[in-house]
Structure formats: C-alpha cells, structure tokens
file start03.txt (compact mmCIF, C-alpha atoms)
# COMPACT_ATOMS: atom_id res chain seq x y z
CA MET A 283 28.06 203.83 94.22
CA ALA A 284 25.32 201.99 92.28
CA GLU A 285 26.71 198.61 93.50
CA LYS A 286 26.55 199.79 97.14
CA ASN A 287 22.94 200.95 96.72
CA ARG A 288 21.99 197.67 95.04
CA ASN A 289 23.52 195.66 97.87
CA THR A 290 21.72 197.84 100.41
CA VAL A 291 18.37 197.31 98.65
CA GLN A 292 19.00 193.56 98.42
CA LYS A 293 19.93 193.40 102.10
CA GLU A 294 16.82 195.37 103.07
CA VAL A 295 14.58 193.05 101.05
CA VAL A 296 16.14 189.86 102.46
CA GLU A 297 15.97 191.22 106.01
CA ARG A 298 12.32 192.25 105.58
CA ILE A 299 11.42 188.82 104.20
CA VAL A 300 12.95 186.96 107.15
CA CYS A 301 11.65 189.43 109.73
CA SER A 302 8.09 189.22 108.39
CA SER A 303 8.10 185.41 108.16
CA CYS A 304 6.71 183.08 110.78
CA ASP A 305 7.74 179.89 108.99
CA HIS A 306 11.52 180.01 109.62
CA PRO A 307 12.33 180.07 105.89
CA THR A 308 15.27 178.36 104.22
CA ALA A 309 17.66 180.38 102.07
CA GLU A 310 15.93 178.93 99.00
CA THR A 311 12.54 180.15 100.27
CA VAL A 312 13.95 183.61 100.99
CA PHE A 313 15.46 183.61 97.49
CA GLN A 314 12.11 182.73 95.86
CA ARG A 315 10.31 185.45 97.83
CA ALA A 316 13.01 188.03 97.09
CA ARG A 317 12.80 187.33 93.34
CA CYS A 318 9.25 188.69 93.38
CA GLU A 319 10.74 192.12 94.15
CA LEU A 320 14.25 191.73 92.78
CA PRO A 321 14.12 189.39 89.77
CA ASN A 322 17.90 189.58 89.23
CA ILE A 323 18.97 188.66 92.77
CA SER A 324 21.06 185.49 92.93
CA LEU A 325 20.85 182.64 95.40
CA GLY A 326 24.50 183.26 96.29
CA THR A 327 23.72 186.87 97.18
CA VAL A 328 20.84 185.73 99.39
CA TYR A 329 23.14 183.27 101.20
CA ARG A 330 25.79 185.97 101.76
CA ILE A 331 23.22 188.44 103.07
CA LEU A 332 21.65 185.85 105.40
CA LYS A 333 25.09 184.95 106.81
CA ARG A 334 25.89 188.64 107.30
CA LEU A 335 22.54 189.34 109.01
CA ASP A 336 23.16 186.35 111.30
CA SER A 337 26.67 187.52 112.19
CA GLU A 338 25.30 191.02 112.89
CA GLY A 339 22.68 189.53 115.23
CA VAL A 340 19.75 190.79 113.15
CA ILE A 341 18.45 187.26 112.50
CA GLN A 342 19.38 183.80 113.73
CA GLU A 343 20.42 180.81 111.65
CA ILE A 344 18.86 177.56 112.85
CA HIS A 345 20.95 174.50 112.05
CA VAL A 346 18.73 171.52 111.28
CA HIS A 347 20.26 168.04 111.11
CA ASN A 348 20.17 166.58 107.57
CA ALA A 349 18.24 169.57 106.22
CA PRO A 350 18.92 173.10 105.02
CA SER A 351 19.41 175.76 107.67
CA ARG A 352 16.40 177.88 108.51
CA PHE A 353 16.39 181.56 109.44
CA ASP A 354 14.57 183.11 112.37
CA LYS A 355 13.62 186.69 113.10
CA THR A 356 13.74 185.99 116.85
CA THR A 357 17.32 186.35 118.01
CA CYS A 358 16.95 185.74 121.73
CA GLU A 359 17.82 182.23 122.86
CA HIS A 360 14.86 179.92 122.45
CA ALA A 361 14.15 176.35 121.42
CA HIS A 362 12.60 174.99 118.23
CA PHE A 363 10.56 171.96 117.29
CA VAL A 364 11.50 170.38 113.96
CA CYS A 365 9.06 167.97 112.34
CA SER A 366 10.91 164.98 110.93
CA GLU A 367 8.12 164.37 108.41
CA CYS A 368 7.14 167.71 106.90
CA GLY A 369 10.25 169.67 107.93
CA SER A 370 8.32 172.49 109.58
CA VAL A 371 10.11 174.47 112.28
CA SER A 372 8.27 176.20 115.10
CA ASP A 373 9.28 178.11 118.21
CA LEU A 374 8.94 176.44 121.58
CA ASP A 375 8.28 178.32 124.77
CA VAL A 376 10.95 176.57 126.83
CA ASP A 377 13.24 178.18 129.39
CA ILE A 378 16.69 177.24 128.15
CA GLU A 379 18.43 179.62 130.53
CA TYR A 380 18.43 176.80 133.10
CA LEU A 381 20.46 174.57 130.77
CA VAL A 382 22.86 177.37 129.92
CA ASN A 383 23.40 178.10 133.61
CA LYS A 384 23.83 174.38 134.33
CA ALA A 385 26.54 174.10 131.67
CA ARG A 386 28.29 177.18 133.02
CA GLY A 387 28.06 176.04 136.64
CA THR A 388 28.69 172.32 136.60
CA CYS A 389 31.11 172.06 133.72
CA ALA A 390 32.65 175.52 133.89
CA HIS A 391 31.96 175.91 130.17
CA SER A 392 31.82 179.29 128.57
CA VAL A 393 28.52 179.40 126.67
CA ASP A 394 28.28 181.99 123.90
CA ARG A 395 25.05 180.82 122.27
CA ALA A 396 22.49 178.11 122.86
CA GLN A 397 20.44 176.43 120.18
CA ILE A 398 18.11 173.60 121.05
CA ASN A 399 16.05 171.72 118.48
CA LEU A 400 13.58 169.08 119.54
CA VAL A 401 12.81 166.69 116.69
CA GLY A 402 9.66 164.63 116.28
CA VAL A 403 6.36 164.62 114.42
CA CYS A 404 4.25 167.79 114.49
CA GLU A 405 0.57 167.87 115.36
CA HIS A 406 -0.48 168.22 111.72
CA CYS A 407 1.50 165.16 110.60
CA THR A 408 0.36 163.17 113.63
CA LYS A 409 -3.29 163.88 112.72
CA ALA A 410 -2.61 162.98 109.08
CA ARG A 411 -1.08 159.66 110.18
CA SER A 412 -4.07 158.73 112.28
CA ALA A 413 -6.49 159.66 109.49
CA VAL A 414 -4.98 156.97 107.23

call {"tool": "encode", "arguments": {"input": "start03.txt", "output": "structure tokens"}}
result
Amino acid sequence: MAEKNRNTVQKEVVERIVCSSCDHPTAETVFQRARCELPNISLGTVYRILKRLDSEGVIQEIHVHNAPSRFDKTTCEHAHFVCSECGSVSDLDVDIEYLVNKARGTCAHSVDRAQINLVGVCEHCTKARSAV
C-alpha cells in the first residue's frame, strides 16, 4: 500500500508541476522541480509518469526535432513556435482545425491528433542578434 501512495504522490507532484508551468518543460526540468518536493524521485519515474499523463490526456507531449520532448498543460490541438536558438517553446494562436479538416476531406485520412511546430528564431533571440 505504501508503494501505491508514493506513486500517487509522485504523480500528483509531476502533474502539478506541468500544469502550473508556462514554459513547456522538458522531463529533465520537471525532474529538477519535483526534486525540491520529493528528493528521492528518479528521472525514470518522472518519464514514466509524464508518458502516463500524456496517454491519459491530462497533458500533451510536444515532439521537438533534434531536442528533448516538452510537456504542455494545454491538451486541445494547438500549434507551437520552437526557437532554434534558445530552444524556447511557446503556444501559437493558430486555427489548425482547417488543416485537420483538409487532410480528412482531400486525402480521406483519419486524423487522430494534430501537432504543428513552427521553427525559427524567437523575438528575444532576434533582438539579441541585432544588438550585436
């Protein structure tokens, strides 16, 4: 019973960390934040919990090309901007329903999930470039 309670506490902490974050944290970032409350939690446990929360639809895993996955508290379909310089990930207010409907209509594809990442240089990095 103690193992079940420990796993429940660990899951609650990991879920709270992701759901209170606006920076789309990596598993490593979630692990570092969780260790403040649960010093004995392992990185492997954090990965397992994040995968489980994603499969349950509580959070969303964002796959980033050539970088660690990020985790998002917003589970509805939406797009992200990924900075190729600093690695930041931010939500984009883009209607992707049009693209999903286009894929369903013109190609007769069955779309289960949509994930769109636009990659470029964020405003902060652009300003830093021009300051040099």

call {"tool": "closest_residue", "arguments": {"input": "start03.txt", "among": "A:Asp394, A:Glu367, A:Glu343, A:Glu359", "to": "Glu379 of chain A", "atoms": "all atoms listed in the file"}}
result
A:Glu359

call {"tool": "closest_residue", "arguments": {"input": "start03.txt", "among": "A:Val371, A:Val364, A:Cys358, A:Val382", "to": "Val340 of chain A", "atoms": "only C-alpha atoms"}}
result
A:Cys358

call {"tool": "residues_around", "arguments": {"input": "start03.txt", "residues": "Val346 of chain A", "least_positions_apart": "3", "cutoff": "12 Å", "atoms": "all atoms listed in the file", "output": "VMD selection string"}}
result
chain A and resid 306 to 308 343 349 to 353 362 to 366 369 to 371 397 to 401

call {"tool": "atom_distance", "arguments": {"input": "start03.txt", "atom1": "atom CA of Thr356 of chain A", "atom2": "atom CA of Ile341 of chain A"}}
result
6.5 Å

call {"tool": "atom_distance", "arguments": {"input": "start03.txt", "atom1": "atom CA of Arg317 of chain A", "atom2": "atom CA of Val295 of chain A"}}
result
9.8 Å

call {"tool": "residues_near_point", "arguments": {"input": "start03.txt", "point": "(25.0, 185.7, 107.9)", "cutoff": "12 Å", "atoms": "only C-alpha atoms", "output": "MDAnalysis selection string"}}
result
chainID A and resid 293 296:297 309 326:344 351:354

call {"tool": "residues_around", "arguments": {"input": "start03.txt", "residues": "Gln314 of chain A", "least_positions_apart": "4", "cutoff": "10 Å", "atoms": "only C-alpha atoms", "output": "ChimeraX atom specification"}}
result
/A:308-310,318-321,323-325,328

call {"tool": "axis_aligned_box", "arguments": {"input": "start03.txt", "around": "segment 330-336 of chain A", "padding_each_side": "5 Å", "output": "lines of an AutoDock Vina configuration file"}}
result
center_x = 23.8
center_y = 187.1
center_z = 106.5
size_x = 14.2
size_y = 14.4
size_z = 19.5

call {"tool": "build_atoms", "arguments": {"input": "start03.txt", "residues": "segment 317-348 of chain A", "atoms": "N, CA and C atoms", "output": "short mmCIF file (atom, residue, chain, number, x, y, z; two decimals), keeping the file's coordinate frame"}}
result
data_model
loop_
_atom_site.label_atom_id
_atom_site.label_comp_id
_atom_site.auth_asym_id
_atom_site.auth_seq_id
_atom_site.Cartn_x
_atom_site.Cartn_y
_atom_site.Cartn_z
N ARG A 317 12.87 187.20 94.81
CA ARG A 317 12.80 187.33 93.34
C ARG A 317 11.51 188.02 92.89
N CYS A 318 10.49 187.99 93.72
CA CYS A 318 9.25 188.69 93.38
C CYS A 318 9.49 190.20 93.30
N GLU A 319 10.41 190.70 94.13
CA GLU A 319 10.74 192.12 94.15
C GLU A 319 12.01 192.44 93.37
N LEU A 320 12.95 191.52 93.42
CA LEU A 320 14.25 191.73 92.78
C LEU A 320 14.54 190.54 91.86
N PRO A 321 14.00 190.55 90.65
CA PRO A 321 14.12 189.39 89.77
C PRO A 321 15.56 188.97 89.46
N ASN A 322 16.51 189.89 89.57
CA ASN A 322 17.90 189.58 89.23
C ASN A 322 18.75 189.16 90.42
N ILE A 323 18.18 189.06 91.61
CA ILE A 323 18.97 188.66 92.77
C ILE A 323 19.37 187.20 92.61
N SER A 324 20.58 186.87 93.06
CA SER A 324 21.06 185.49 92.93
C SER A 324 20.95 184.76 94.27
N LEU A 325 20.90 183.45 94.19
CA LEU A 325 20.85 182.64 95.40
C LEU A 325 22.11 182.86 96.23
N GLY A 326 23.25 182.99 95.58
CA GLY A 326 24.50 183.26 96.29
C GLY A 326 24.46 184.55 97.08
N THR A 327 23.86 185.58 96.49
CA THR A 327 23.72 186.87 97.18
C THR A 327 22.83 186.70 98.40
N VAL A 328 21.74 185.97 98.25
CA VAL A 328 20.84 185.73 99.39
C VAL A 328 21.59 185.02 100.51
N TYR A 329 22.35 183.99 100.18
CA TYR A 329 23.14 183.27 101.20
C TYR A 329 24.11 184.22 101.91
N ARG A 330 24.83 185.04 101.15
CA ARG A 330 25.79 185.97 101.76
C ARG A 330 25.09 186.96 102.68
N ILE A 331 23.96 187.47 102.25
CA ILE A 331 23.22 188.44 103.07
C ILE A 331 22.70 187.76 104.34
N LEU A 332 22.16 186.56 104.22
CA LEU A 332 21.65 185.85 105.40
C LEU A 332 22.78 185.60 106.41
N LYS A 333 23.93 185.18 105.92
CA LYS A 333 25.09 184.95 106.81
C LYS A 333 25.50 186.25 107.49
N ARG A 334 25.50 187.35 106.73
CA ARG A 334 25.89 188.64 107.30
C ARG A 334 24.86 189.10 108.35
N LEU A 335 23.58 188.95 108.05
CA LEU A 335 22.54 189.34 109.01
C LEU A 335 22.64 188.50 110.29
N ASP A 336 22.97 187.22 110.13
CA ASP A 336 23.16 186.35 111.30
C ASP A 336 24.36 186.82 112.12
N SER A 337 25.47 187.10 111.46
CA SER A 337 26.67 187.52 112.19
C SER A 337 26.48 188.88 112.86
N GLU A 338 25.61 189.71 112.30
CA GLU A 338 25.30 191.02 112.89
C GLU A 338 24.27 190.91 114.00
N GLY A 339 23.67 189.73 114.18
CA GLY A 339 22.68 189.53 115.23
C GLY A 339 21.29 190.03 114.88
N VAL A 340 21.06 190.30 113.60
CA VAL A 340 19.75 190.79 113.15
C VAL A 340 18.76 189.63 113.05
N ILE A 341 19.24 188.48 112.59
CA ILE A 341 18.45 187.26 112.50
C ILE A 341 19.27 186.13 113.10
N GLN A 342 18.68 184.95 113.18
CA GLN A 342 19.38 183.80 113.73
C GLN A 342 19.28 182.63 112.75
N GLU A 343 20.42 182.01 112.48
CA GLU A 343 20.42 180.81 111.65
C GLU A 343 20.14 179.61 112.55
N ILE A 344 19.21 178.78 112.11
CA ILE A 344 18.86 177.56 112.85
C ILE A 344 19.44 176.39 112.07
N HIS A 345 20.34 175.67 112.70
CA HIS A 345 20.95 174.50 112.05
C HIS A 345 20.06 173.30 112.29
N VAL A 346 19.63 172.67 111.22
CA VAL A 346 18.73 171.52 111.28
C VAL A 346 19.49 170.31 110.73
N HIS A 347 19.54 169.25 111.50
CA HIS A 347 20.26 168.04 111.11
C HIS A 347 19.68 167.46 109.82
N ASN A 348 20.55 167.18 108.86
CA ASN A 348 20.17 166.58 107.57
C ASN A 348 19.15 167.39 106.78
#
